[in-house]
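Novice: Pasting model.pdb below, which is PDB, C-alpha atoms.
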```pdb
ATOM      1  CA  MET A   1     -39.264 161.334-273.208
ATOM      2  CA  ALA A   2     -42.203 158.920-273.076
ATOM      3  CA  PHE A   3     -45.329 159.616-271.095
ATOM      4  CA  HIS A   4     -47.627 157.024-269.591
ATOM      5  CA  PRO A   5     -51.200 157.384-270.913
ATOM      6  CA  LYS A   6     -52.582 157.890-267.404
ATOM      7  CA  SER A   7     -50.513 161.054-267.032
ATOM      8  CA  LEU A   8     -52.416 162.808-269.813
ATOM      9  CA  THR A   9     -55.289 165.110-269.079
ATOM     10  CA  ALA A  10     -58.791 163.733-268.831
ATOM     11  CA  PHE A  11     -59.807 165.761-271.864
ATOM     12  CA  LEU A  12     -57.275 164.166-274.157
ATOM     13  CA  ALA A  13     -57.911 160.764-272.681
ATOM     14  CA  ALA A  14     -61.611 161.006-273.403
ATOM     15  CA  ALA A  15     -60.903 161.844-277.021
ATOM     16  CA  SER A  16     -58.546 158.993-277.750
ATOM     17  CA  ALA A  17     -60.585 155.840-277.328
ATOM     18  CA  PHE A  18     -63.682 156.736-279.265
ATOM     19  CA  SER A  19     -64.410 155.722-282.835
ATOM     20  CA  TYR A  20     -67.456 154.940-284.893
ATOM     21  CA  ALA A  21     -66.848 151.275-284.308
ATOM     22  CA  SER A  22     -66.910 151.593-280.525
ATOM     23  CA  ALA A  23     -70.270 153.310-280.751
ATOM     24  CA  PHE A  24     -71.806 150.078-281.966
ATOM     25  CA  ALA A  25     -69.835 147.693-279.788
ATOM     26  CA  PRO A  26     -71.853 145.420-277.495
ATOM     27  CA  ALA A  27     -72.197 146.495-273.874
ATOM     28  CA  SER A  28     -70.259 143.444-272.750
ATOM     29  CA  GLN A  29     -67.834 140.950-274.238
ATOM     30  CA  PRO A  30     -69.398 137.506-273.666
ATOM     31  CA  ALA A  31     -67.530 134.380-274.608
ATOM     32  CA  ARG A  32     -68.305 133.210-278.117
ATOM     33  CA  LYS A  33     -71.099 130.670-277.943
ATOM     34  CA  GLN A  34     -71.525 129.648-281.547
ATOM     35  CA  LEU A  35     -70.945 130.650-285.136
ATOM     36  CA  THR A  36     -73.916 131.181-287.430
ATOM     37  CA  ARG A  37     -73.812 130.568-291.184
ATOM     38  CA  VAL A  38     -75.533 133.498-292.851
ATOM     39  CA  ASN A  39     -76.967 133.565-296.353
ATOM     40  CA  VAL A  40     -74.599 134.280-299.215
ATOM     41  CA  ALA A  41     -74.552 137.906-300.300
ATOM     42  CA  THR A  42     -74.996 138.937-303.924
ATOM     43  CA  GLY A  43     -71.691 138.310-305.627
ATOM     44  CA  ILE A  44     -69.431 141.121-306.757
ATOM     45  CA  PRO A  45     -69.179 141.370-310.580
ATOM     46  CA  GLY A  46     -66.184 139.691-312.119
ATOM     47  CA  VAL A  47     -63.517 141.532-314.099
ATOM     48  CA  SER A  48     -65.220 140.760-317.400
ATOM     49  CA  ASP A  49     -68.439 142.353-316.137
ATOM     50  CA  ALA A  50     -66.563 145.466-315.103
ATOM     51  CA  LEU A  51     -64.906 145.684-318.507
ATOM     52  CA  ASN A  52     -68.347 145.658-320.112
ATOM     53  CA  ILE A  53     -69.316 148.598-317.938
ATOM     54  CA  PHE A  54     -66.363 150.584-319.274
ATOM     55  CA  GLY A  55     -67.176 149.809-322.880
ATOM     56  CA  GLY A  56     -65.420 146.500-323.322
ATOM     57  CA  ASN A  57     -66.740 143.459-325.111
ATOM     58  CA  ASN A  58     -70.484 143.830-324.643
ATOM     59  CA  LYS A  59     -71.150 140.441-326.253
ATOM     60  CA  GLN A  60     -69.349 138.596-323.475
ATOM     61  CA  GLU A  61     -71.698 136.818-321.120
ATOM     62  CA  PRO A  62     -71.419 137.735-317.423
ATOM     63  CA  GLU A  63     -69.607 135.213-315.296
ATOM     64  CA  LYS A  64     -71.922 133.076-313.238
ATOM     65  CA  GLU A  65     -71.302 133.079-309.535
ATOM     66  CA  PRO A  66     -70.385 129.590-308.303
ATOM     67  CA  GLU A  67     -72.655 128.058-305.740
ATOM     68  CA  ARG A  68     -71.240 128.155-302.258
ATOM     69  CA  SER A  69     -72.396 128.400-298.680
ATOM     70  CA  GLY A  70     -72.371 131.537-296.597
ATOM     71  CA  ALA A  71     -69.662 132.512-294.137
ATOM     72  CA  LEU A  72     -69.587 131.473-290.500
ATOM     73  CA  ILE A  73     -69.954 134.584-288.361
ATOM     74  CA  ASP A  74     -70.154 135.255-284.645
ATOM     75  CA  LEU A  75     -73.474 137.111-284.358
ATOM     76  CA  ASP A  76     -73.360 137.687-280.609
ATOM     77  CA  GLY A  77     -74.425 141.288-279.966
ATOM     78  CA  VAL A  78     -74.996 142.017-283.676
ATOM     79  CA  ALA A  79     -78.354 143.506-284.691
ATOM     80  CA  LEU A  80     -79.033 142.520-288.285
ATOM     81  CA  SER A  81     -80.385 144.997-290.817
ATOM     82  CA  GLY A  82     -82.908 144.299-293.545
ATOM     83  CA  LEU A  83     -80.229 142.366-295.453
ATOM     84  CA  LYS A  84     -80.233 139.787-292.652
ATOM     85  CA  GLY A  85     -76.460 139.614-292.504
ATOM     86  CA  LYS A  86     -75.846 139.016-296.195
ATOM     87  CA  ALA A  87     -73.222 141.743-296.379
ATOM     88  CA  LEU A  88     -71.348 140.051-293.546
ATOM     89  CA  SER A  89     -71.063 136.824-295.508
ATOM     90  CA  LEU A  90     -68.599 138.182-298.064
ATOM     91  CA  THR A  91     -65.221 136.456-298.009
ATOM     92  CA  SER A  92     -61.891 137.260-299.633
ATOM     93  CA  GLU A  93     -62.963 135.221-302.659
ATOM     94  CA  ASP A  94     -65.670 137.782-303.406
ATOM     95  CA  PHE A  95     -63.204 140.631-303.942
ATOM     96  CA  PRO A  96     -60.904 141.129-306.945
ATOM     97  CA  ASP A  97     -57.198 141.694-306.322
ATOM     98  CA  SER A  98     -55.588 145.107-306.844
ATOM     99  CA  PHE A  99     -54.263 144.174-310.289
ATOM    100  CA  SER A 100     -57.745 143.246-311.537
ATOM    101  CA  VAL A 101     -59.160 146.510-310.196
ATOM    102  CA  ARG A 102     -56.474 148.586-311.913
ATOM    103  CA  GLN A 103     -57.156 146.796-315.181
ATOM    104  CA  VAL A 104     -60.681 148.215-315.430
ATOM    105  CA  ILE A 105     -59.763 151.793-314.463
ATOM    106  CA  PRO A 106     -58.975 154.069-317.435
ATOM    107  CA  LYS A 107     -55.225 154.670-317.613
ATOM    108  CA  ASP A 108     -55.598 158.441-317.716
ATOM    109  CA  CYS A 109     -56.959 158.300-314.151
ATOM    110  CA  PHE A 110     -53.429 157.494-312.988
ATOM    111  CA  GLU A 111     -51.877 160.524-314.695
ATOM    112  CA  PRO A 112     -51.780 163.763-312.639
ATOM    113  CA  GLU A 113     -52.703 166.851-314.668
ATOM    114  CA  THR A 114     -50.924 169.896-313.291
ATOM    115  CA  ALA A 115     -52.964 172.420-315.292
ATOM    116  CA  LYS A 116     -56.262 170.947-314.126
ATOM    117  CA  SER A 117     -55.045 170.790-310.530
ATOM    118  CA  LEU A 118     -53.973 174.431-310.619
ATOM    119  CA  GLY A 119     -57.357 175.306-312.106
ATOM    120  CA  TYR A 120     -59.156 173.651-309.206
ATOM    121  CA  LEU A 121     -56.781 175.396-306.813
ATOM    122  CA  SER A 122     -57.604 178.777-308.353
ATOM    123  CA  VAL A 123     -61.330 178.156-308.036
ATOM    124  CA  SER A 124     -61.028 177.170-304.386
ATOM    125  CA  VAL A 125     -58.708 180.068-303.518
ATOM    126  CA  VAL A 126     -60.954 182.644-305.210
ATOM    127  CA  GLY A 127     -64.104 181.169-303.676
ATOM    128  CA  THR A 128     -62.630 181.080-300.180
ATOM    129  CA  ALA A 129     -61.255 184.609-300.546
ATOM    130  CA  LEU A 130     -64.669 185.941-301.645
ATOM    131  CA  CYS A 131     -66.395 184.259-298.706
ATOM    132  CA  THR A 132     -63.792 185.669-296.324
ATOM    133  CA  ALA A 133     -64.150 189.174-297.749
ATOM    134  CA  PHE A 134     -67.935 188.964-297.453
ATOM    135  CA  GLY A 135     -67.631 187.893-293.816
ATOM    136  CA  LEU A 136     -65.261 190.754-292.990
ATOM    137  CA  ALA A 137     -67.616 193.226-294.650
ATOM    138  CA  ALA A 138     -70.542 191.857-292.626
ATOM    139  CA  LEU A 139     -68.823 192.215-289.253
ATOM    140  CA  PRO A 140     -69.612 195.937-288.715
ATOM    141  CA  VAL A 141     -73.250 195.376-289.698
ATOM    142  CA  LEU A 142     -73.978 192.029-288.051
ATOM    143  CA  ASP A 143     -72.121 191.973-284.758
ATOM    144  CA  PRO A 144     -71.443 188.302-283.833
ATOM    145  CA  ALA A 145     -71.812 189.277-280.170
ATOM    146  CA  ASN A 146     -75.507 189.931-280.833
ATOM    147  CA  ILE A 147     -77.368 186.632-280.461
ATOM    148  CA  LEU A 148     -79.910 187.751-283.075
ATOM    149  CA  THR A 149     -77.210 187.455-285.727
ATOM    150  CA  LEU A 150     -76.491 183.828-284.817
ATOM    151  CA  PRO A 151     -78.570 182.319-287.678
ATOM    152  CA  PHE A 152     -76.681 184.398-290.216
ATOM    153  CA  TRP A 153     -73.255 183.425-288.907
ATOM    154  CA  LEU A 154     -74.190 179.773-288.671
ATOM    155  CA  ALA A 155     -75.272 179.822-292.318
ATOM    156  CA  TYR A 156     -72.147 181.780-293.241
ATOM    157  CA  SER A 157     -69.937 179.234-291.479
ATOM    158  CA  ALA A 158     -71.601 176.354-293.301
ATOM    159  CA  VAL A 159     -71.180 177.976-296.726
ATOM    160  CA  THR A 160     -67.619 179.205-296.164
ATOM    161  CA  GLY A 161     -66.552 175.927-294.619
ATOM    162  CA  THR A 162     -67.938 174.019-297.592
ATOM    163  CA  VAL A 163     -66.139 176.253-300.077
ATOM    164  CA  ALA A 164     -62.856 176.125-298.138
ATOM    165  CA  MET A 165     -63.124 172.345-298.006
ATOM    166  CA  GLY A 166     -61.982 172.423-301.626
ATOM    167  CA  LEU A 167     -58.582 173.619-300.401
ATOM    168  CA  TRP A 168     -58.329 170.702-298.001
ATOM    169  CA  VAL A 169     -59.243 168.236-300.754
ATOM    170  CA  LEU A 170     -56.408 169.616-302.888
ATOM    171  CA  ALA A 171     -54.039 169.506-299.909
ATOM    172  CA  HIS A 172     -55.056 165.878-299.456
ATOM    173  CA  GLU A 173     -54.239 165.114-303.089
ATOM    174  CA  CYS A 174     -50.815 166.709-302.665
ATOM    175  CA  GLY A 175     -50.164 164.319-299.797
ATOM    176  CA  HIS A 176     -51.159 161.411-302.027
ATOM    177  CA  GLY A 177     -48.930 162.571-304.879
ATOM    178  CA  ALA A 178     -51.913 163.107-307.187
ATOM    179  CA  PHE A 179     -51.685 166.884-307.642
ATOM    180  CA  SER A 180     -48.780 167.075-310.097
ATOM    181  CA  LYS A 181     -45.820 165.189-311.486
ATOM    182  CA  ASP A 182     -43.731 168.183-310.441
ATOM    183  CA  ARG A 183     -42.771 167.084-306.928
ATOM    184  CA  ASP A 184     -41.481 170.506-305.850
ATOM    185  CA  LEU A 185     -44.661 172.270-306.974
ATOM    186  CA  GLN A 186     -46.809 169.619-305.346
ATOM    187  CA  ASP A 187     -45.001 169.748-302.010
ATOM    188  CA  ASN A 188     -44.981 173.551-301.943
ATOM    189  CA  VAL A 189     -48.726 173.727-302.557
ATOM    190  CA  GLY A 190     -49.382 170.950-300.049
ATOM    191  CA  TYR A 191     -47.112 172.539-297.442
ATOM    192  CA  ILE A 192     -48.793 175.946-297.694
ATOM    193  CA  LEU A 193     -52.329 174.586-297.637
ATOM    194  CA  HIS A 194     -51.697 172.220-294.744
ATOM    195  CA  SER A 195     -49.982 174.954-292.749
ATOM    196  CA  LEU A 196     -52.971 177.269-293.255
ATOM    197  CA  PHE A 197     -55.119 174.557-291.659
ATOM    198  CA  LEU A 198     -52.529 174.133-288.854
ATOM    199  CA  VAL A 199     -51.852 170.576-290.011
ATOM    200  CA  PRO A 200     -48.170 169.579-290.459
ATOM    201  CA  TYR A 201     -47.799 168.578-294.104
ATOM    202  CA  TYR A 202     -45.105 165.911-294.095
ATOM    203  CA  SER A 203     -46.388 164.427-290.841
ATOM    204  CA  TRP A 204     -49.845 163.980-292.326
ATOM    205  CA  GLN A 205     -48.414 162.765-295.637
ATOM    206  CA  ARG A 206     -46.643 159.947-293.813
ATOM    207  CA  SER A 207     -49.449 159.071-291.371
ATOM    208  CA  HIS A 208     -52.089 159.070-294.104
ATOM    209  CA  ALA A 209     -50.022 156.710-296.244
ATOM    210  CA  VAL A 210     -49.695 154.394-293.232
ATOM    211  CA  HIS A 211     -53.451 154.681-292.696
ATOM    212  CA  HIS A 212     -54.131 153.411-296.214
ATOM    213  CA  ARG A 213     -51.441 150.725-295.964
ATOM    214  CA  TYR A 214     -52.895 149.279-292.741
ATOM    215  CA  THR A 215     -56.618 149.971-293.116
ATOM    216  CA  ASN A 216     -58.659 147.547-290.946
ATOM    217  CA  HIS A 217     -55.521 146.279-289.195
ATOM    218  CA  MET A 218     -56.343 145.865-285.512
ATOM    219  CA  GLU A 219     -52.787 146.439-284.253
ATOM    220  CA  LEU A 220     -51.076 148.640-286.850
ATOM    221  CA  GLY A 221     -54.072 150.591-288.158
ATOM    222  CA  GLU A 222     -53.241 154.292-287.981
ATOM    223  CA  THR A 223     -56.750 155.501-287.220
ATOM    224  CA  HIS A 224     -60.356 154.331-286.723
ATOM    225  CA  VAL A 225     -59.247 151.108-285.047
ATOM    226  CA  PRO A 226     -62.017 149.514-282.934
ATOM    227  CA  GLU A 227     -61.214 148.977-279.290
ATOM    228  CA  SER A 228     -60.032 145.417-278.769
ATOM    229  CA  ASP A 229     -60.790 143.271-275.753
ATOM    230  CA  GLN A 230     -57.312 141.758-276.226
ATOM    231  CA  VAL A 231     -55.569 144.949-275.079
ATOM    232  CA  PRO A 232     -54.625 144.779-271.374
ATOM    233  CA  VAL A 233     -56.589 147.142-269.135
ATOM    234  CA  GLU A 234     -53.436 148.918-267.962
ATOM    235  CA  GLU A 235     -52.627 149.907-271.560
ATOM    236  CA  LYS A 236     -56.015 151.528-272.149
ATOM    237  CA  LEU A 237     -56.708 155.138-271.334
ATOM    238  CA  TYR A 238     -60.050 153.849-270.116
ATOM    239  CA  ASP A 239     -62.660 151.297-271.120
ATOM    240  CA  SER A 240     -65.038 152.874-273.660
ATOM    241  CA  ILE A 241     -67.208 149.749-273.661
ATOM    242  CA  ALA A 242     -67.758 150.123-269.930
ATOM    243  CA  LEU A 243     -68.555 153.806-270.416
ATOM    244  CA  ARG A 244     -71.113 152.942-273.077
ATOM    245  CA  LYS A 245     -72.715 150.475-270.662
ATOM    246  CA  SER A 246     -72.962 153.237-268.061
ATOM    247  CA  PHE A 247     -74.976 155.332-270.545
ATOM    248  CA  LEU A 248     -77.405 152.457-271.020
ATOM    249  CA  ASP A 249     -77.677 151.842-267.281
ATOM    250  CA  GLN A 250     -78.286 155.526-266.607
ATOM    251  CA  PHE A 251     -80.791 156.327-269.363
ATOM    252  CA  GLY A 252     -82.166 152.945-270.434
ATOM    253  CA  ASP A 253     -81.560 151.077-273.676
ATOM    254  CA  GLU A 254     -83.381 153.420-276.084
ATOM    255  CA  LYS A 255     -82.483 156.797-274.599
ATOM    256  CA  GLY A 256     -79.076 155.565-273.551
ATOM    257  CA  ILE A 257     -78.013 154.568-277.057
ATOM    258  CA  GLN A 258     -79.272 157.911-278.376
ATOM    259  CA  ALA A 259     -77.295 159.802-275.725
ATOM    260  CA  TRP A 260     -74.248 157.682-276.471
ATOM    261  CA  GLY A 261     -74.578 158.380-280.190
ATOM    262  CA  ALA A 262     -74.828 162.130-279.551
ATOM    263  CA  PHE A 263     -71.796 161.944-277.276
ATOM    264  CA  GLN A 264     -69.867 160.038-279.945
ATOM    265  CA  ALA A 265     -70.860 162.557-282.628
ATOM    266  CA  PHE A 266     -69.585 165.434-280.482
ATOM    267  CA  LEU A 267     -66.303 163.711-279.706
ATOM    268  CA  HIS A 268     -65.696 162.602-283.275
ATOM    269  CA  LEU A 269     -66.708 165.815-285.045
ATOM    270  CA  ILE A 270     -65.452 168.391-282.518
ATOM    271  CA  VAL A 271     -62.713 166.744-280.473
ATOM    272  CA  GLY A 272     -61.656 163.911-282.770
ATOM    273  CA  TRP A 273     -59.486 165.791-285.282
ATOM    274  CA  PRO A 274     -57.249 167.667-282.795
ATOM    275  CA  ALA A 275     -57.102 164.521-280.626
ATOM    276  CA  TYR A 276     -55.942 162.550-283.643
ATOM    277  CA  LEU A 277     -53.192 165.068-284.413
ATOM    278  CA  LEU A 278     -52.081 165.370-280.781
ATOM    279  CA  ILE A 279     -52.264 161.812-279.445
ATOM    280  CA  GLY A 280     -53.123 159.608-282.432
ATOM    281  CA  ALA A 281     -56.680 159.035-281.196
ATOM    282  CA  THR A 282     -58.251 155.743-282.395
ATOM    283  CA  GLY A 283     -54.914 154.413-283.637
ATOM    284  CA  GLY A 284     -53.772 150.821-283.144
ATOM    285  CA  PRO A 285     -51.784 149.883-280.025
ATOM    286  CA  ASP A 286     -48.554 148.629-281.622
ATOM    287  CA  ARG A 287     -47.189 152.070-282.583
ATOM    288  CA  GLY A 288     -47.650 153.597-279.147
ATOM    289  CA  MET A 289     -49.213 157.003-278.646
ATOM    290  CA  THR A 290     -48.281 159.350-281.500
ATOM    291  CA  ASN A 291     -48.174 163.092-282.127
ATOM    292  CA  HIS A 292     -48.081 164.764-285.537
ATOM    293  CA  TYR A 293     -46.018 167.692-284.217
ATOM    294  CA  TRP A 294     -43.412 165.553-282.423
ATOM    295  CA  PRO A 295     -41.737 162.676-284.294
ATOM    296  CA  ASN A 296     -41.041 160.309-281.401
ATOM    297  CA  PRO A 297     -43.761 158.113-279.844
ATOM    298  CA  LEU A 298     -45.214 159.532-276.628
ATOM    299  CA  THR A 299     -45.390 156.021-275.171
ATOM    300  CA  GLU A 300     -43.235 152.966-275.725
ATOM    301  CA  PRO A 301     -44.446 151.202-278.904
ATOM    302  CA  ARG A 302     -44.892 147.432-278.910
ATOM    303  CA  LEU A 303     -43.157 147.314-282.285
ATOM    304  CA  PRO A 304     -40.401 149.973-282.316
ATOM    305  CA  LYS A 305     -39.590 149.158-285.949
ATOM    306  CA  LYS A 306     -43.142 150.172-286.870
ATOM    307  CA  GLU A 307     -43.082 153.606-285.275
ATOM    308  CA  LEU A 308     -45.034 156.213-287.209
ATOM    309  CA  PHE A 309     -42.149 158.532-288.094
ATOM    310  CA  PRO A 310     -38.965 156.520-288.689
ATOM    311  CA  GLY A 311     -35.628 157.729-290.030
ATOM    312  CA  ASN A 312     -35.704 160.910-292.153
ATOM    313  CA  TRP A 313     -39.387 161.434-291.397
ATOM    314  CA  LYS A 314     -38.422 162.819-288.001
ATOM    315  CA  GLN A 315     -36.693 165.782-289.637
ATOM    316  CA  LYS A 316     -39.657 166.267-291.957
ATOM    317  CA  VAL A 317     -41.995 166.505-288.972
ATOM    318  CA  PHE A 318     -39.965 169.440-287.627
ATOM    319  CA  GLN A 319     -39.936 171.033-291.077
ATOM    320  CA  SER A 320     -43.717 170.826-291.095
ATOM    321  CA  ASP A 321     -43.918 172.424-287.648
ATOM    322  CA  ILE A 322     -42.246 175.568-288.970
ATOM    323  CA  GLY A 323     -45.125 176.281-291.362
ATOM    324  CA  VAL A 324     -47.740 175.642-288.673
ATOM    325  CA  ALA A 325     -45.861 177.901-286.231
ATOM    326  CA  ILE A 326     -45.684 180.761-288.758
ATOM    327  CA  VAL A 327     -49.421 180.591-289.459
ATOM    328  CA  GLY A 328     -50.247 180.270-285.769
ATOM    329  CA  ALA A 329     -48.072 183.256-284.864
ATOM    330  CA  GLY A 330     -49.628 185.307-287.646
ATOM    331  CA  ALA A 331     -53.129 184.495-286.408
ATOM    332  CA  LEU A 332     -52.269 185.659-282.887
ATOM    333  CA  THR A 333     -50.735 188.992-283.922
TER     334      THR A 333
END
```
In structure tokens, write the structure found in this file.

Specialist:
Amino acid sequence: MAFHPKSLTAFLAAASAFSYASAFAPASQPARKQLTRVNVATGIPGVSDALNIFGGNNKQEPEKEPERSGALIDLDGVALSGLKGKALSLTSEDFPDSFSVRQVIPKDCFEPETAKSLGYLSVSVVGTALCTAFGLAALPVLDPANILTLPFWLAYSAVTGTVAMGLWVLAHECGHGAFSKDRDLQDNVGYILHSLFLVPYYSWQRSHAVHHRYTNHMELGETHVPESDQVPVEEKLYDSIALRKSFLDQFGDEKGIQAWGAFQAFLHLIVGWPAYLLIGATGGPDRGMTNHYWPNPLTEPRLPKKELFPGNWKQKVFQSDIGVAIVGAGALT
């Protein structure tokens, strides 16, 4: 059953439209007046230069960058940094294709090493277990209910969270297929680790692959898609650009942008992750509203053939939910 975005709670709605890009969007969307040609940025080294870096033919002279003019860019509402827009002038000609990039990467980087991966897993498991044991031992002595112990628990959270992040990195590599050539081992490790973090493994494996496939795509991007002024108002949960303008009107330009940045940081760092899992926050409009725990779109997608979890992936989403449910039930008992 599909739900209209306006039927969702205000909390989830607030989480969905924000991204880093919207934080820097102009307060209004004026019609384009003119395009400005900015200076040409420093060219990216050619393939031969990169080969020299990795120990290739050091006698080969670097390729000279051909003379060309800078790119035409709409600078309305853009505040230039010290580079004066040079980074914005890069065009597709400045970037090597994927084949050229792979040619300069050592071949062993493409070979998963199961023993090394298991070694990293052991280090992260032992480190996280030691931090957890230390925290449990500290509970009777440093009661978290006592505000005087707050500095200790904040420091403890930072250290333990950093150590446990190693487990998430390994879980991430399992999703990418970089943990091991043994698919069963890789999926079992990835499934367990993701479930411990209450993240459905196969759902995230699929959505993250789509994210990389459609990075910077304004319609099919899976996450971190800037809000577009081409999307009809009725299809938006609300207008984040208008909300940003209200911050500036209320607090002034300087204080308003600081308040908006703080608000964005809170939403992205605290609310953003669960909002992404639950409603596909910051995703492109063509897939409809998505949920990592339910395989069907929550709203009607513009492109049904591009839905996030097609075919057999629907069953895999439910398989992933089982692991999350077991961990969640265990935490509540």

Novice: Enclose all atoms of region 237-246 of chain A listed in the file in an axis-aligned box, grow every side by 3 Å, and hand back centre and edge lengths in Å to one decimal, as lines of an AutoDock Vina configuration file.

Specialist:
```
center_x = -64.8
center_y = 152.4
center_z = -270.9
size_x = 22.3
size_y = 11.4
size_z = 11.6
```

Novice: If you apply the PyMOL selection byres ((chain A and resi 184-188) around 9) to this file, what residues do you get, as a list in words?

Specialist: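 Evaluating the PyMOL selection byres ((chain A and resi 184-188) around 9) on this file yields Thr114, Glu173, Cys174, Gly175, Gly177, Ala178, Phe179, Ser180, Lys181, Asp182, Arg183, Val189, Gly190, Tyr191, Ile192, Leu193, Tyr201 and Tyr202 of chain A.
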
Novice: Work out how far CA of Val327 (chain A) is from CA of Phe197 (chain A), in Å to one decimal.

Specialist: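 One can read the CA of Phe197 (chain A) to CA of Val327 (chain A) distance as 8.6 Å.
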
Novice: Got a sec: who's within 9 Å of Ser320 (chain A), counting all atoms listed in the file, leaving out chain neighbours fewer than 5 positions off, as a PyMOL selection string?

Specialist: chain A and resi 191+194-195+199-203+293+315+325

Novice: For the provided coordinates, the residues matched by the PyMOL selection byres ((chain A and resi 153-157) around 10) should be stated as a PyMOL selection string.

Specialist: chain A and resi 131-132+134-135+138-139+142-144+147-152+158-163

Novice: Show me a table, sorted first by chain and then by increasing residue number, of the residues of region 260-298 of chain A having an atom at most 10 Å from region 243-253 of chain A, each with its shortest atom pair and the distance in Å to one decimal, counting all atoms listed in the file and written as a tab-separated table.

Specialist:
```
residue	atom	partner	partner_atom	distance
A:Trp260	CA	A:Phe247	CA	6.4
A:Gly261	CA	A:Arg244	CA	9.6
A:Phe263	CA	A:Arg244	CA	10.0
A:Gln264	CA	A:Arg244	CA	10.0
```

Novice: Would you please work out which residue, of A:Leu121, A:Leu198, A:Ala171, A:Ala137, is nearest to Gly330 (chain A) when using all atoms listed in the file?

Specialist: A:Leu198

Novice: Grab the CA of Ala129 (chain A) to CA of Val169 (chain A) distance for me, in Å with one decimal place.

Specialist: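 Taking CA of Ala129 (chain A) and CA of Val169 (chain A), their separation equals 16.5 Å.
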